[in-house]
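Notes to accompany the following structure.
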Amino acid sequence: MRNTKSTQLIFELSRSGRRAHLLPPADVPNVDLGSVLPSGALADAPPPLPELAEGDVVRHFTNLSTLNMSVDTHFYPLGSCTMKYNPKRNERLASLPGLVDVHPYQPESTIQGLLEILWNVQNDFAEISGLPAVSLQPAAGAHGELAALMVAAAHFRKLGQHRPNVLAPDSSHGTNPASAKMAGFETITVKSGANGLVDLNDLRSKVNEKTAVFMITNPSTLGLFDTQIKEIAEIVHSHGGLIYLDGANMNAILGITRPGDFGADMMHYNPHKTFSGPHGGGGPGAGPICVRDFLAPYLPAPTVGRKGDTYYLDQGGSDSVGRVRSFFGNVGVLLRAFFYIRSLGGSGLKEVSENAVLNANYLLSRVRHILPVPHGNRCMHEFVASASTLKKEKGISAMDLAKRLLDFGFHAPTVYFPLTVPEAVMVEPTETESKEMMDAFVEALFRITGESADLLHEAPHTTKISRPDEVTAARKPVMKWTAS
Ligand SMILES: *Cc1c(COP(=O)(O)O)cnc(C)c1O
């Protein structure tokens with residue numbers, strides 16, 4: 001997939017100078033704002049601003065920026081979220097003037113370079129997924145789920161079929177049933193067997209001519225690849241339903257297998273996870289979706305098309321579900337994905353997944369001597385341990401472990417998800433961590449499980465804030481600065 005043409009393109013964009021393509025055409029008159037705005041709307045003096053030394057301001061914000069943990073400062077094994085290292089190269093490339101100094105209302109003829117990149121990234125996503133039709137519009141994984149389910153709904157409407165149900169396994173991410181509901185479906189939960197994989201008998205008993213879509217995360221949030229996937233697809237397809245692949249865990253299978261090859265009809269990517277976009281605290285993300293050809297007419301528009309050597313925004317036909325986001329999608333995140341994909345090439349992406357799986361298995365093989373891992377001795381890119389014995393025997397919960405790890409300089413793993421494992425501790429090291437760092441994490445976890453429950457209930461002890469009431473903080477955020 002390595003492409004010298006796009007390297008050339010990046011080079012030209014960087015040389016193309018900031019302004020030339022941005023100047024308004026000569027026949028656009030200059031506007032004097034003073035003569036257009038009503039006089040009452042104009043300020044007569046600049047607003048009063050506090051006067052501070054630049055050094056004080058820089059120190060203030062630099063210090064603030066270090067209060068949070070980040071991938072750049074700490075190991076961040078947050079399962080399901082794929083907090084891999086974000087190459088600085090991506091940042092430099094994504095801030096080239098030819099890419100950041102453009103405006104979405106510019107004529108297409110003046111943003112051909114950007115459209116070419118977006119067209120290429122559409123094709124890369126199609127190639128990696130094995131699903132040929134792509135829309136870059138959705139702004140997050142959850143948004144991609146919603147958009148794809150809207151596509152499925154439009155498809156069944158067109159066929160004149162009433163299919164009100166979406167099925168999803170009990171280990172699925174909470175966004176799956178939420179997206180189904182928002183798209184107008186009812187969700188039916190399919191049980192997992194003792195091995196953590198989809199219980200085929202339960203699936204067979206619930207799938208019927210009312211089933212629109214079966215949403216599956218494969219590899220799952222338990223870090224298991226469901227090897228029954230082809231059979232699952234056959235069961236669902238035989239009733240006329242579609243398979244949706246939640247692609248949040250693509251980091252484990254890049255270049256190894258493709259959703260389109262194992263039976264998926266639609267999927268989303270989380271480029272901020274799989275393709276190294278910096279993210280956290282809810283964004284920024286993207287959720288491009290890929291679908292089979294017969295679903296292409298329903299995709300959200302615009303998509304990027306090419307006629308000869310010219311790129312254009314294809315506004316879609318009358319079957320398209322329309323826009324799901326302003327302009328062309330979250331371009332900044334998509335650009336980083338493009339640079340990451342093209343920097344690594346096909347074999348590099350495969351190595352990403354091989355190393356992500358190798359790292360997770362190394363960590364699994366050590367952590368299971370400290371906390372039981374209920375599902376299997378082997379995993380894909382992540383695994384889920386359980387603190388339930390520790391809780392029963394010593395009163396130490398998954399939350400206590402997570403909080404205490406902060407004192408040892410590690411971001412906490414994901415806890416209490418998936419819901420199918422009690423006191424879940426979900427660990428995802430990603431391919432970018434060293435053996436030394438993973439060993440240090442195991443050592444910290446080992447030491448913590450030997451500490452007193454009282455000490456752990458009060459943890460963390462070294463952070464500015466200890467245990468905030470997260471629910472209240474989310475529901476009633478205090479957005480105003482108060483000097484205390
Ligand atoms: C992260 C994640 C999502 C949601 O993706 P966002 O980009 O955060 O909206 C959905 N499913 C799974 C399995 C995930 O890990």
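By order of appearance in the structure tokens: chains A, B, ..., then residues from 1 within every chain, and ligands from 1 in the order shown.
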Go through chain A and flag each residue having an atom no more than 6 Å from ligand 1; for those, report the closest pair of atoms plus their distance in Å to one decimal, using only C-alpha atoms and all ligand atoms, ordered by chain and rising number, as CSV.
residue,atom,partner,partner_atom_place_in_ligand_line,distance
A:Ser80,CA,ligand 1,15 (O),4.2
A:Cys81,CA,ligand 1,1 (C),5.4
A:Ala140,CA,ligand 1,7 (O),4.1
A:Gly141,CA,ligand 1,7 (O),3.4
A:Ala142,CA,ligand 1,9 (O),3.7
A:His173,CA,ligand 1,11 (N),4.8
A:Thr175,CA,ligand 1,10 (C),5.7
A:Thr221,CA,ligand 1,13 (C),5.8
A:Asp246,CA,ligand 1,11 (N),5.8
A:Ala248,CA,ligand 1,14 (C),4.7
A:Asn270,CA,ligand 1,7 (O),5.3
A:Gly285,CA,ligand 1,7 (O),5.8
*Please provide as a VMD selection string all residues within 7 Å of A:Tyr340, with the sequence filter that same-chain residues fewer than 3 positions apart are discarded (counting only C-alpha atoms).*
chain A and resid 90 275 336 to 337 343 to 344
Okay, now the selection with N, CA and C atoms, as a compact mmCIF listing (two decimals), in the first residue's frame?
# COMPACT_ATOMS: atom_id res chain seq x y z
N ASN A 90 2.61 12.55 12.61
CA ASN A 90 1.23 12.79 12.15
C ASN A 90 0.81 14.23 12.40
N PHE A 275 -6.00 3.92 14.32
CA PHE A 275 -5.04 4.60 13.47
C PHE A 275 -4.40 5.80 14.18
N ARG A 336 -4.83 12.24 10.07
CA ARG A 336 -3.86 11.50 10.90
C ARG A 336 -3.92 10.01 10.58
N ALA A 337 -5.13 9.51 10.36
CA ALA A 337 -5.28 8.09 9.99
C ALA A 337 -4.55 7.82 8.67
N SER A 343 2.31 5.74 6.27
CA SER A 343 3.66 5.62 6.82
C SER A 343 4.02 4.16 7.01
N LEU A 344 3.05 3.36 7.46
CA LEU A 344 3.32 1.96 7.80
C LEU A 344 3.19 1.03 6.60
*Show which residues sit within 7 Å of A:His381, as a list in words. Count only C-alpha atoms, and ignore same-chain residues fewer than 3 positions away.*
Gly223, Ala252, Ala356, Val357, Ala360, Glu428 and Thr430 of chain A
*asked:* Set the distance at 10 Å and use only C-alpha atoms: which residues neighbour A:Asn68 once local chain neighbours fewer than 6 positions away are removed? I'd like the list as a PyMOL selection string.
replied: chain A and resi 74+411+463-464
_Residue neighbourhood A:Gly196, 8 Å, only C-alpha atoms, exclusion window fewer than 6 positions, as a PyMOL selection string_ = chain A and resi 222+224+375
*asked:* Among stretch 225-463 of chain A, which residues does DSSP mark as helix (DSSP H, G or I) when it is run on the backbone? Keep the chain and numbering as in the structure and answer as a ChimeraX atom specification.
replied: /A:229-238,250-252,271-274,293-298,331-367,388-394,398-407,435-449,453-457
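Closest to A:Thr110 among A:Phe156, A:Leu52, A:Tyr312, A:Arg368 is A:Tyr312, based on only C-alpha atoms.
If only C-alpha atoms are the atoms counted, then among A:Val28, A:Arg447, A:Ser220, A:Ala41 the closest residue to A:Thr420 is A:Ser220.
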*DSSP-assigned strand (DSSP E or B) members of stretch 261-370 of chain A, reported as a PyMOL selection string*: chain A and resi 266-269+280+283+289-291+300+303-307+310-314+322
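The nearest approach to A:Ala459 among the residues A:Asp407, A:Asp199, A:Glu354, A:Asp314, with only C-alpha atoms taken into account, belongs to A:Asp407.
Between A:Gly79 and the candidates A:Glu382, A:Glu51, A:Glu431, A:Glu209, the tightest atom-to-atom separation, counting only C-alpha atoms, involves A:Glu382.
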Excluding stretch 200-202 of chain A and any residue of its chain fewer than 5 positions from it, enumerate the residues within 8 Å of it, using only C-alpha atoms, and give them as a PDB file with N, CA and C atoms, in the first residue's frame.
ATOM      1  N   VAL A 190     -28.278 -11.091  23.059  1.00  0.00           N
ATOM      2  CA  VAL A 190     -27.936 -12.502  22.825  1.00  0.00           C
ATOM      3  C   VAL A 190     -26.878 -12.897  23.858  1.00  0.00           C
ATOM      4  N   LYS A 191     -27.088 -14.051  24.480  1.00  0.00           N
ATOM      5  CA  LYS A 191     -26.193 -14.490  25.560  1.00  0.00           C
ATOM      6  C   LYS A 191     -24.840 -14.951  25.029  1.00  0.00           C
ATOM      7  N   ILE A 232     -22.165 -17.619  12.352  1.00  0.00           N
ATOM      8  CA  ILE A 232     -23.064 -16.568  12.850  1.00  0.00           C
ATOM      9  C   ILE A 232     -23.636 -15.794  11.657  1.00  0.00           C
TER      10      ILE A 232
END
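The shortest atom-to-atom distance to A:Ala412, with only C-alpha atoms taken into account, belongs to A:Met69 out of A:Ser386, A:Met69, A:His60, A:Thr482.
Across A:Ile256, A:Ile243, A:Leu67, A:Ala301, the tightest approach to A:Ala133 is made by A:Ala301 when counting only C-alpha atoms.
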